[in-house]
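Colleague: Below is a structure I'd like to ask you about.
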Amino acid sequence: PSVALSREERVWSFRFINLLIISTMIRVIFAALAELKYEEAYYWMYSQHLSWSYFDHPPLIGWLIYFSTSLMDNGELWVRMPAILCFAGTLFFIHRLACDLFGPRAGFMTALLATCLPAFEFYSILSLPDAPLLLFWSAALCFGYRLYEDERPWWWLAIGAATGLAMLSKYPGVLAPLAPILVIILKKKYQLFKCWQFPVAVVLALAIFSPVLYWNAQHQWASFIFQGLGRFAEANSWLDIVGGSLLCLTALPTPLGFFFLLWVAWQSLKRLQDERWLYLVCSFLPFMAIIALVGTVRLIQLNWPLPIYPALIIATAQLLEELRAWSQRKWQILLGLVFIPALALSLVPWMAVFFELTPLNRYNEIYGWKPMGETASEMLNTSYDPRRCFLVGHGYQTASELAYYTHQPQITLSFNAIGRHAKGYDYWYQAGQFKGWNCVYVVSERLKSDGSYQATQDFKLDELRPYFREIEKSDRRLTIFRGGKPVRRYRFYYCYDYVGLPQQQGEVPGSQVVEELLPDSAPQAS
């Protein structure tokens, strides 16, 4: 029997390794061919302005992009390589946890589901902070189960390191060790807290997270205020909050997939007598409750529920095995209704890149940025004094794409050039740094359903006039076509002799941000 089990483990492990290699190589192809989405370009800007942390997120994604692009080059592939490798690591850890819980077949099926479903697919090919968060969250879950099962306190050190790195990715990473802590309390294995490794693990996690604490202490705790008070101040009407949150919660798993996962969660709760299922429930239920609570006071973003999925996917794979769903006709039909739409959604980024499908054109955010950068570079180089000409993108999205595709991150500004809050850009440049320089100002416009164009961010030319001595009267335009139809338009302005922001001359970067956040957000948060 032991030989047979060993042979089974080898077979399923071999299949997992093949799945890991093949899926990773496919993602490499996408990464090399697709232009950067604006969020990726923004986090690439992190890597061009290395810091202990940043205004809207901890620094790990920026550090990883810096490391990857420094080893190779600034091509799209190497900007995305951290996300691809992080997801490969995520697959490894959730596969390992599923194997520890339910055996090698469940491990492979878990990895297969995670590879194909949109909840993970989007965040395995785009360089966003969620990629390292998922990696270290999954690692903490895996190490936590080994701690509980083996009762070896040394695992606390691995959990502490994983938690610190998860926190260094995104702030919700602080909840990564919640599952083992809850299970230890529920099962009264208090001896696992009564060891020197536990407090050392806490100190280790805080030490890894300390760059974020240091940056915030130096910048009036701006990031904590933004992610706390500032985020909650974004809430609108009750209808917007509930309707928008439900849309985001059901978008990635698809509506049928969402209800299917709720059923999986319910079935998991019915198996709490089994310690393996108890561990899974402790891995997803607390975060589900937090997301539900936050959803009552503000809009839930599309990516916020991601830490729920590792444990839920393991539970899904094992439940389907227990019910022998793959071999029963009624289950095959139901699973087809659930997984086929989800798989189709996973293919949307690929279709947007490889096929010029008209319905996707207006929503294609990974196409058409390179020509904008080429046009801006041409205007920059033909300026009468290109050594004293900087770039401004109207909104951080346009600015980030502009910086990336002109290869000019050190002279690219955003709203901060005209005194408006611009996320990380507020901290990367001194107010008035380019005083006396000329500027190429770029506005991105999206195509509306009626065929007209609208600026992605509200734009009025008169808003620029107080900050420049002269603005060229005739603006230059570039329309991007896809599949023979327009998808986006850019407007370019030559602006002469930047006068800066007189009221802020000499101030340190970001000095106005906290004052802008607190008066509006504090009352609403209370």
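Ligands are numbered from 1 in the order shown, chains are lettered A, B, ... in the order of the structure tokens, and residues start at 1 in each chain.
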Quick one: residues within 12 Å of Arg387 in chain A, only C-alpha atoms counted, chain neighbours fewer than 3 positions away excluded, as a ChimeraX atom specification?
Modeller: /A:380-384,390-391,408,411,434,436-439
Colleague: So which residues touch Gln454 in chain A within 10 Å, counting only C-alpha atoms, skipping near sequence neighbours fewer than 4 positions away, as a list in words?
Modeller: Val443, Ser444, Glu445, Arg446, Leu447, Lys448, Asp458, Phe459, Arg488 and Arg489 of chain A
Colleague: Identify which of the residues A:Val203, A:Ala251, A:Ala222, A:Leu19 lies closest to Pro118 in chain A, counting only C-alpha atoms when measuring atom-to-atom distances.
Modeller: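 Going through A:Val203, A:Ala251, A:Ala222, A:Leu19 one by one, the smallest distance to Pro118 in chain A is for A:Ala251.
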Colleague: Please provide as a ChimeraX atom specification all residues within 12 Å of Ser127 in chain A, with the sequence filter that same-chain residues fewer than 6 positions apart are discarded (counting only C-alpha atoms).
Modeller: /A:27,31,35-47,60-66,68,76-87,121,133,169
Colleague: Would you mind exporting the chosen residues as a compact mmCIF listing (two decimals), in the first residue's frame, restricted to C-alpha atoms?
Modeller:
```txt
# COMPACT_ATOMS: atom_id res chain seq x y z
CA ARG A 27 1.70 33.71 -19.18
CA ALA A 31 3.42 39.35 -20.78
CA GLU A 35 1.13 46.64 -23.53
CA LEU A 36 1.07 47.62 -19.88
CA LYS A 37 -2.23 48.34 -18.21
CA TYR A 38 -2.12 51.74 -16.54
CA GLU A 39 -1.94 50.26 -13.02
CA GLU A 40 1.15 48.29 -14.06
CA ALA A 41 2.75 51.41 -15.50
CA TYR A 42 2.00 53.19 -12.22
CA TYR A 43 3.72 50.48 -10.17
CA TRP A 44 6.61 50.57 -12.64
CA MET A 45 6.87 54.23 -11.61
CA TYR A 46 7.34 52.95 -8.05
CA SER A 47 10.44 51.16 -9.30
CA LEU A 60 7.11 45.29 -2.40
CA ILE A 61 5.64 45.33 -5.92
CA GLY A 62 7.81 48.32 -6.82
CA TRP A 63 10.91 46.66 -5.39
CA LEU A 64 10.21 43.44 -7.30
CA ILE A 65 9.72 45.32 -10.58
CA TYR A 66 12.95 47.22 -9.94
CA SER A 68 13.38 42.29 -12.43
CA GLU A 76 6.70 44.62 -20.62
CA LEU A 77 7.79 41.03 -20.00
CA TRP A 78 10.19 42.01 -17.25
CA VAL A 79 7.75 44.44 -15.65
CA ARG A 80 5.31 41.52 -15.43
CA MET A 81 7.79 38.81 -14.49
CA PRO A 82 7.33 39.38 -10.72
CA ALA A 83 3.57 38.73 -11.05
CA ILE A 84 4.15 35.59 -13.12
CA LEU A 85 6.68 34.18 -10.65
CA CYS A 86 4.56 35.18 -7.65
CA PHE A 87 1.61 33.28 -9.07
CA GLU A 121 -6.00 34.59 -13.88
CA LEU A 133 0.01 39.35 -1.44
CA SER A 169 2.66 43.77 -0.34
```
Colleague: Which residues come within 7 Å of range 154-163 of chain A, counting only C-alpha atoms, excluding same-chain residues fewer than 6 positions away, as a list in words?
Modeller: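 Residues near the query, excluding close chain neighbours: Phe136, Ala139, Ala140, Phe143, Gly144, Leu147, Gly173, Val174, Ala176, Pro177, Gln197, Phe198, Ala201, Val202, Leu204 and Ala205 of chain A.
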Colleague: Write a file of the just-selected residues containing N, CA, C and O atoms, as an mmCIF file, in the first residue's frame.
Modeller:
```
data_model
loop_
_atom_site.group_PDB
_atom_site.id
_atom_site.type_symbol
_atom_site.label_atom_id
_atom_site.label_comp_id
_atom_site.auth_asym_id
_atom_site.auth_seq_id
_atom_site.Cartn_x
_atom_site.Cartn_y
_atom_site.Cartn_z
ATOM 1 N N PHE A 136 2.362 35.304 -0.508
ATOM 2 C CA PHE A 136 2.736 35.177 0.900
ATOM 3 C C PHE A 136 1.542 34.851 1.787
ATOM 4 O O PHE A 136 1.716 34.257 2.859
ATOM 5 N N ALA A 139 1.453 31.159 1.373
ATOM 6 C CA ALA A 139 2.564 30.580 2.126
ATOM 7 C C ALA A 139 2.249 30.536 3.616
ATOM 8 O O ALA A 139 2.510 29.535 4.299
ATOM 9 N N ALA A 140 1.655 31.623 4.148
ATOM 10 C CA ALA A 140 1.302 31.659 5.565
ATOM 11 C C ALA A 140 0.269 30.583 5.900
ATOM 12 O O ALA A 140 0.345 29.936 6.957
ATOM 13 N N PHE A 143 2.204 27.192 5.875
ATOM 14 C CA PHE A 143 3.050 27.062 7.072
ATOM 15 C C PHE A 143 2.188 26.916 8.329
ATOM 16 O O PHE A 143 2.543 26.180 9.256
ATOM 17 N N GLY A 144 1.050 27.622 8.342
ATOM 18 C CA GLY A 144 0.176 27.555 9.515
ATOM 19 C C GLY A 144 -0.386 26.167 9.738
ATOM 20 O O GLY A 144 -0.497 25.709 10.883
ATOM 21 N N LEU A 147 2.295 24.028 11.191
ATOM 22 C CA LEU A 147 2.448 24.332 12.613
ATOM 23 C C LEU A 147 1.412 23.583 13.426
ATOM 24 O O LEU A 147 1.744 22.935 14.436
ATOM 25 N N GLY A 173 -2.508 42.031 4.382
ATOM 26 C CA GLY A 173 -1.608 40.929 4.714
ATOM 27 C C GLY A 173 -1.447 40.697 6.205
ATOM 28 O O GLY A 173 -1.030 39.616 6.620
ATOM 29 N N VAL A 174 -1.818 41.695 7.024
ATOM 30 C CA VAL A 174 -1.727 41.527 8.473
ATOM 31 C C VAL A 174 -2.619 40.382 8.950
ATOM 32 O O VAL A 174 -2.388 39.789 10.017
ATOM 33 N N ALA A 176 -2.969 37.497 7.412
ATOM 34 C CA ALA A 176 -2.506 36.217 6.857
ATOM 35 C C ALA A 176 -2.385 35.105 7.901
ATOM 36 O O ALA A 176 -2.694 33.943 7.599
ATOM 37 N N PRO A 177 -1.925 35.363 9.134
ATOM 38 C CA PRO A 177 -1.787 34.265 10.102
ATOM 39 C C PRO A 177 -3.045 33.980 10.912
ATOM 40 O O PRO A 177 -2.997 33.223 11.891
ATOM 41 N N GLN A 197 9.342 31.153 20.000
ATOM 42 C CA GLN A 197 9.228 31.407 18.557
ATOM 43 C C GLN A 197 8.036 32.298 18.214
ATOM 44 O O GLN A 197 8.093 33.041 17.224
ATOM 45 N N PHE A 198 6.958 32.221 18.997
ATOM 46 C CA PHE A 198 5.765 33.018 18.694
ATOM 47 C C PHE A 198 6.035 34.521 18.795
ATOM 48 O O PHE A 198 5.780 35.259 17.828
ATOM 49 N N ALA A 201 8.330 35.619 16.066
ATOM 50 C CA ALA A 201 7.656 35.698 14.763
ATOM 51 C C ALA A 201 6.930 37.035 14.613
ATOM 52 O O ALA A 201 6.934 37.635 13.528
ATOM 53 N N VAL A 202 6.303 37.497 15.703
ATOM 54 C CA VAL A 202 5.624 38.805 15.669
ATOM 55 C C VAL A 202 6.636 39.915 15.398
ATOM 56 O O VAL A 202 6.409 40.804 14.556
ATOM 57 N N LEU A 204 9.522 39.572 13.965
ATOM 58 C CA LEU A 204 10.032 39.397 12.606
ATOM 59 C C LEU A 204 9.089 40.023 11.587
ATOM 60 O O LEU A 204 9.519 40.723 10.655
ATOM 61 N N ALA A 205 7.784 39.775 11.746
ATOM 62 C CA ALA A 205 6.806 40.355 10.824
ATOM 63 C C ALA A 205 6.858 41.878 10.872
ATOM 64 O O ALA A 205 6.836 42.550 9.832
#
```
Colleague: Can you tell me, as a list in words, what residues are no more than 6 Å from range 100-107 of chain A when counting only C-alpha atoms, ignoring any on the same chain fewer than 4 positions away?
Modeller: Glu9, Trp12, His95, Arg276, Ala317 and Gln318 of chain A
Colleague: Give the answer as one residue: which of A:Asp73, A:Glu463, A:Glu321, A:Glu374 has the shortest atom-to-atom distance to Ile418 in chain A, using only C-alpha atoms?
Modeller: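 The closest residue to Ile418 in chain A is A:Glu463.
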Colleague: So which one's closest to Pro180 in chain A, A:Asn74, A:Ser13, A:Ser51, A:Ser283? Using only C-alpha atoms, please.
Modeller: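 Ranked by minimum distance to Pro180 in chain A, first place goes to A:Ser283.
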Colleague: To one decimal place, how far is CA of Ala88 in chain A from CA of Leu261 in chain A in Å?
Modeller: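 These two atoms are separated by 23.2 Å.
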